[in-house]
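Colleague: Structure provided below as structure tokens; questions to follow.
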Number of protein chains: 2
Amino acid sequence: MSAAREEAEVSESLTAPAEDYLKAIYAIGRGSGAAATNEIAQRLAIAPASVSGMVRRLADQGLLAYERYHGVRLTESGRRAALRTLRRHRVIESYLSEALGYPWDRVHDEAERLEHAASDELVDRMAATIGEPEVDPHGAPIPTRDGSVDETEYTSLAQLPIGTSGVVVRVSDEDPAMLRYLAELSILPGKKLTVKARAPYDGPITLTLGRQELSIGPALAANVLIAPLADSGRRRG
Amino acid sequence: MSAAREEAEVSESLTAPAEDYLKAIYAIGRGSGAAATNEIAQRLAIAPASVSGMVRRLADQGLLAYERYHGVRLTESGRRAALRTLRRHRVIESYLSEALGYPWDRVHDEAERLEHAASDELVDRMAATIGEPEVDPHGAPIPTRDGSVDETEYTSLAQLPIGTSGVVVRVSDEDPAMLRYLAELSILPGKKLTVKARAPYDGPITLTLGRQELSIGPALAANVLIAPLADSGRRRG
DNA sequence: GAAAAAAGTTAGGGCGCACTAACTTATTTC
DNA sequence: GAAATAAGTTAGTGCGCCCTAACTTTTTTC
């Protein structure tokens with residue numbers, strides 16, 4: 001029974017890069033899965049060699065379990081730290097959008113910097129001020145203070161079967177140009193849509209949304225997550 | 001006429017430490033005066049040797065004029081950078097206090113971190129949201145977008161002649177405990193007070209404020225800045 | 001299962017920013 | 001103005017985080 005032994009150093013406030021690594025690893029492994037060095041490197045736009053070094057340091061702090069040549073996995077304390085940062089990020093995004101009228105394609109970059117500087121108290125005040133939202137402006141779930149998140153995996157629009165209807169629950173938040181385009185098409189969280197057709201060989205996906213019909217490429221569709229609706233309606237008429 | 005020649009590198013966004021140095025140098029030299037290495041070191045709680053190194057780097061970036069063994073002086077571009085940071089700091093303090101109900105003794109520390117992460121756009125939106133304040137919660141003037149500030153020098157309460165009345169315009173913002181105490185005594189920007197007596201040998205200063213009479217130590221009084229009132233009133237009665 | 005490809009690592013270097021210790025230049029003091 | 005003191009500097013280190021180049025391990029391929 002020689003468990004524990006690791007998990008040293010309590011909560012010695014992390015550096016900004018460390019928080020970014022943890023966020024990335026969390027995003028890759030969605031909580032439990034392992035993250036490969038190359039994936040982390042790509043996500044952070046950093047050389048793989050640099051990741052090896054940093055991952056070592058984070059492992060020494062008990063934030064992740066690291067086995068040479070076999071990727072990395074968050075420990076419980078690493079997961080908590082990642083979710084803390086994620087909460088900050090998403091609360092800040094929501095606040096900027098709600099309280100300061102920030103355009104939704106720019107909240108991400110601003111939050112990306114502020115998340116490392118804002119205190120928990122500030123973040124909690126922001127959340128309280130805008131009514132404790134459960135998702136950010138792009139539909140991503142906001143972790144609670146005590147570190148729980150909705151980790152439901154949704155289908156991407158690219159995979160939604162033809163004929164199926166669903167509600168947009170979330171769009172990817174990193175690319176401002178893409179967000180502006182989605183807004184133009186009115187593909188926004190909460191909107192209901194139906195997949196009409198999908199052209200072969202990665203061709204465009206045709207869908208109806210409200211009373212308009214539109215077609216988008218699969219790369220875009222992959223960035224839109226859908227909660228499928230139990231296929232009702234569409235019977236009469 | 002071999003002026004210019006220096007002032008290289010345009011506005012290559014500064015690091016957080018660099019911004020802190022510029023702020024400190026500005027505060028010491030109030031715009032024009034020179035700042036000594038030791039003063040900078042003390043203000044930033046850093047070893048003097050470290051200051052020598054950093055000051056070199058900032059001089060290379062054209063942010064300050066540096067002559068070995070003879071202190072440092074902001075260039076025009078250094079001054080602009082310092083005021084940009086100061087504006088951020090003070091707008092953020094004001095916003096935290098106004099919009100988020102942050103207690104006035106804690107806004108400083110929070111702003112100290114956020115000022116390095118917030119974009120100019122965010123700061124401008126904050127300022128607009130709370131009605132473009134001209135001073136922060138402690139009474140410090142907020143530089144405008146285009147880099148001008150009110151640099152009026154006020155008398156400290158410690159130096160106000162006996163019998164003189166004045167309005168509190170500003171209190172020092174860094175020490176939370178002191179701010180709480182000042183709030184308790186109701187010595188706040190905007191309050192009118194009159195110096196009644198000053199005990200010798202750095203003794204307490206007695207003053208009236210509203211209908212209460214109180215006495216404070218000279219160390220505290222030195223941190224309270226006053227706009228003297230043309231001595232009227234107090235004649236009848 | 002051997003060769004090729006992919007993934008991941010160490011080695012060595014650089015920059016920013018801090019430190020202490022030892023030295024140099026300015027300033028004060030008498 | 002010489003000696004003492006204060007102020008400021010260089011020299012040498014360390015740590016965090018990044019890089020490229022070269023090497024090793026794992027996985028894929030046939």
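Ordering of the structure tokens sets the chain letters (A, B, ...); residue numbers start at 1 within each chain; ligands are numbered from 1 in the order shown.
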For chain A versus chain C, which residues have an atom no more than 10 Å away, and what is each residue's nearest atom pair and distance in Å rounded to one decimal, using only C-alpha atoms (C1' of nucleotides), chain-then-number order, as a tab-separated table?
Modeller:
residue	atom	partner	partner_atom	distance
A:Ala36	CA	C:DA7	C1'	8.9
A:Thr37	CA	C:DG8	C1'	7.2
A:Asn38	CA	C:DA7	C1'	7.4
A:Pro48	CA	C:DG8	C1'	7.8
A:Ala49	CA	C:DT9	C1'	7.4
A:Val51	CA	C:DG8	C1'	9.8
A:Ser52	CA	C:DT9	C1'	7.4
A:Gly53	CA	C:DT9	C1'	9.5
A:Arg68	CA	C:DG8	C1'	8.0
A:Tyr69	CA	C:DG8	C1'	5.5
A:His70	CA	C:DG8	C1'	8.4
A:Gly71	CA	C:DG8	C1'	8.9
Colleague: Counting only C-alpha atoms, a student should be able to say which residues of chain A come within 8 Å of chain B; what is the right answer, written as a list of chain:residue names?
Modeller: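 Written out as asked, the residues are A:Leu100, A:Glu110, A:Arg113, A:Leu114, A:Ala117, A:Ala118, A:Ser119, A:Arg125, A:Met126, A:Thr129.
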Colleague: Please identify which residues in region 148-189 of chain A DSSP calls strand (DSSP E or B) from the backbone, and express them as a list in words.
Modeller: Thr155, Ser156, Ser165, Gly166, Val167, Val168, Val169, Arg170 and Val171 of chain A
Colleague: Could those selected residues go to a file with C-alpha atoms, as an mmCIF file, in the first residue's frame?
Modeller:
data_model
loop_
_atom_site.group_PDB
_atom_site.id
_atom_site.type_symbol
_atom_site.label_atom_id
_atom_site.label_comp_id
_atom_site.auth_asym_id
_atom_site.auth_seq_id
_atom_site.Cartn_x
_atom_site.Cartn_y
_atom_site.Cartn_z
ATOM 1 C CA THR A 155 -21.816 15.045 -31.936
ATOM 2 C CA SER A 156 -20.229 17.419 -34.373
ATOM 3 C CA SER A 165 -32.346 17.684 -36.315
ATOM 4 C CA GLY A 166 -30.421 19.123 -33.421
ATOM 5 C CA VAL A 167 -29.652 22.190 -31.398
ATOM 6 C CA VAL A 168 -26.307 23.905 -31.678
ATOM 7 C CA VAL A 169 -24.779 23.638 -28.227
ATOM 8 C CA ARG A 170 -21.279 24.840 -28.811
ATOM 9 C CA VAL A 171 -18.853 26.187 -31.356
#
Colleague: List every residue of region 58-222 of chain B that DSSP, applied to the backbone, labels as alpha helix (DSSP H), and write the result as an NGL selection string.
Modeller: :B and (58-60 or 76-100 or 107-114 or 120-129 or 176-185 or 218-221)
Colleague: Find the residues around Gly217 (chain A) up to 9 Å (only C-alpha atoms (C1' of nucleotides) counted), leave out those fewer than 6 positions away in its own chain, and share them as number ranges by chain.
Modeller: A: 158, 202-206
Colleague: Report the closest atom pair, with its distance in Å rounded to one decimal, for each residue of chain D that has an atom no farther than 8 Å from chain A; count only C-alpha atoms (C1' of nucleotides), sort by chain and then rising residue number, and write it as a Markdown table.
Modeller:
| residue | atom | partner | partner_atom | distance |
| --- | --- | --- | --- | --- |
| D:DC17 | C1' | A:Met54 | CA | 7.8 |
| D:DC18 | C1' | A:Ser50 | CA | 6.7 |
| D:DC19 | C1' | A:Ala47 | CA | 7.7 |
| D:DT25 | C1' | A:Tyr69 | CA | 7.2 |
| D:DT26 | C1' | A:Tyr69 | CA | 7.9 |
Colleague: Only N, CA and C atoms (P, O5', C5', C4', C3', O3' and C1' of nucleotides), please: the residues just picked out, written as a PDB file, in the first residue's frame.
Modeller:
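Result file selection.pdb:
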ATOM      1  P    DC D  17       7.762  28.150 -16.397  1.00  0.00           P
ATOM      2  O5'  DC D  17       8.221  28.249 -17.911  1.00  0.00           O
ATOM      3  C5'  DC D  17       8.133  29.521 -18.555  1.00  0.00           C
ATOM      4  C4'  DC D  17       8.896  29.458 -19.844  1.00  0.00           C
ATOM      5  C3'  DC D  17       8.508  28.285 -20.743  1.00  0.00           C
ATOM      6  O3'  DC D  17       7.977  28.805 -21.933  1.00  0.00           O
ATOM      7  C1'  DC D  17      10.835  28.642 -20.719  1.00  0.00           C
ATOM      8  P    DC D  18       7.073  27.939 -22.875  1.00  0.00           P
ATOM      9  O5'  DC D  18       8.027  27.681 -24.139  1.00  0.00           O
ATOM     10  C5'  DC D  18       8.124  28.670 -25.114  1.00  0.00           C
ATOM     11  C4'  DC D  18       9.537  28.827 -25.636  1.00  0.00           C
ATOM     12  C3'  DC D  18      10.049  27.784 -26.618  1.00  0.00           C
ATOM     13  O3'  DC D  18       9.463  27.941 -27.888  1.00  0.00           O
ATOM     14  C1'  DC D  18      11.789  28.604 -25.208  1.00  0.00           C
ATOM     15  P    DC D  19       9.558  26.798 -28.964  1.00  0.00           P
ATOM     16  O5'  DC D  19      11.045  26.929 -29.572  1.00  0.00           O
ATOM     17  C5'  DC D  19      11.503  28.171 -30.065  1.00  0.00           C
ATOM     18  C4'  DC D  19      12.977  28.052 -30.432  1.00  0.00           C
ATOM     19  C3'  DC D  19      13.314  26.821 -31.261  1.00  0.00           C
ATOM     20  O3'  DC D  19      13.304  27.169 -32.636  1.00  0.00           O
ATOM     21  C1'  DC D  19      14.852  27.036 -29.445  1.00  0.00           C
ATOM     22  P    DT D  25      17.160   3.930 -26.089  1.00  0.00           P
ATOM     23  O5'  DT D  25      15.582   3.753 -26.212  1.00  0.00           O
ATOM     24  C5'  DT D  25      14.722   4.741 -25.666  1.00  0.00           C
ATOM     25  C4'  DT D  25      13.417   4.737 -26.433  1.00  0.00           C
ATOM     26  C3'  DT D  25      12.775   3.369 -26.586  1.00  0.00           C
ATOM     27  O3'  DT D  25      11.554   3.444 -25.878  1.00  0.00           O
ATOM     28  C1'  DT D  25      12.659   4.619 -28.592  1.00  0.00           C
ATOM     29  P    DT D  26      10.592   2.168 -25.720  1.00  0.00           P
ATOM     30  O5'  DT D  26       9.546   2.425 -26.892  1.00  0.00           O
ATOM     31  C5'  DT D  26       8.803   3.635 -26.890  1.00  0.00           C
ATOM     32  C4'  DT D  26       7.961   3.707 -28.146  1.00  0.00           C
ATOM     33  C3'  DT D  26       7.106   2.476 -28.416  1.00  0.00           C
ATOM     34  O3'  DT D  26       5.783   2.964 -28.548  1.00  0.00           O
ATOM     35  C1'  DT D  26       8.268   3.128 -30.370  1.00  0.00           C
TER      36       DT D  26
END
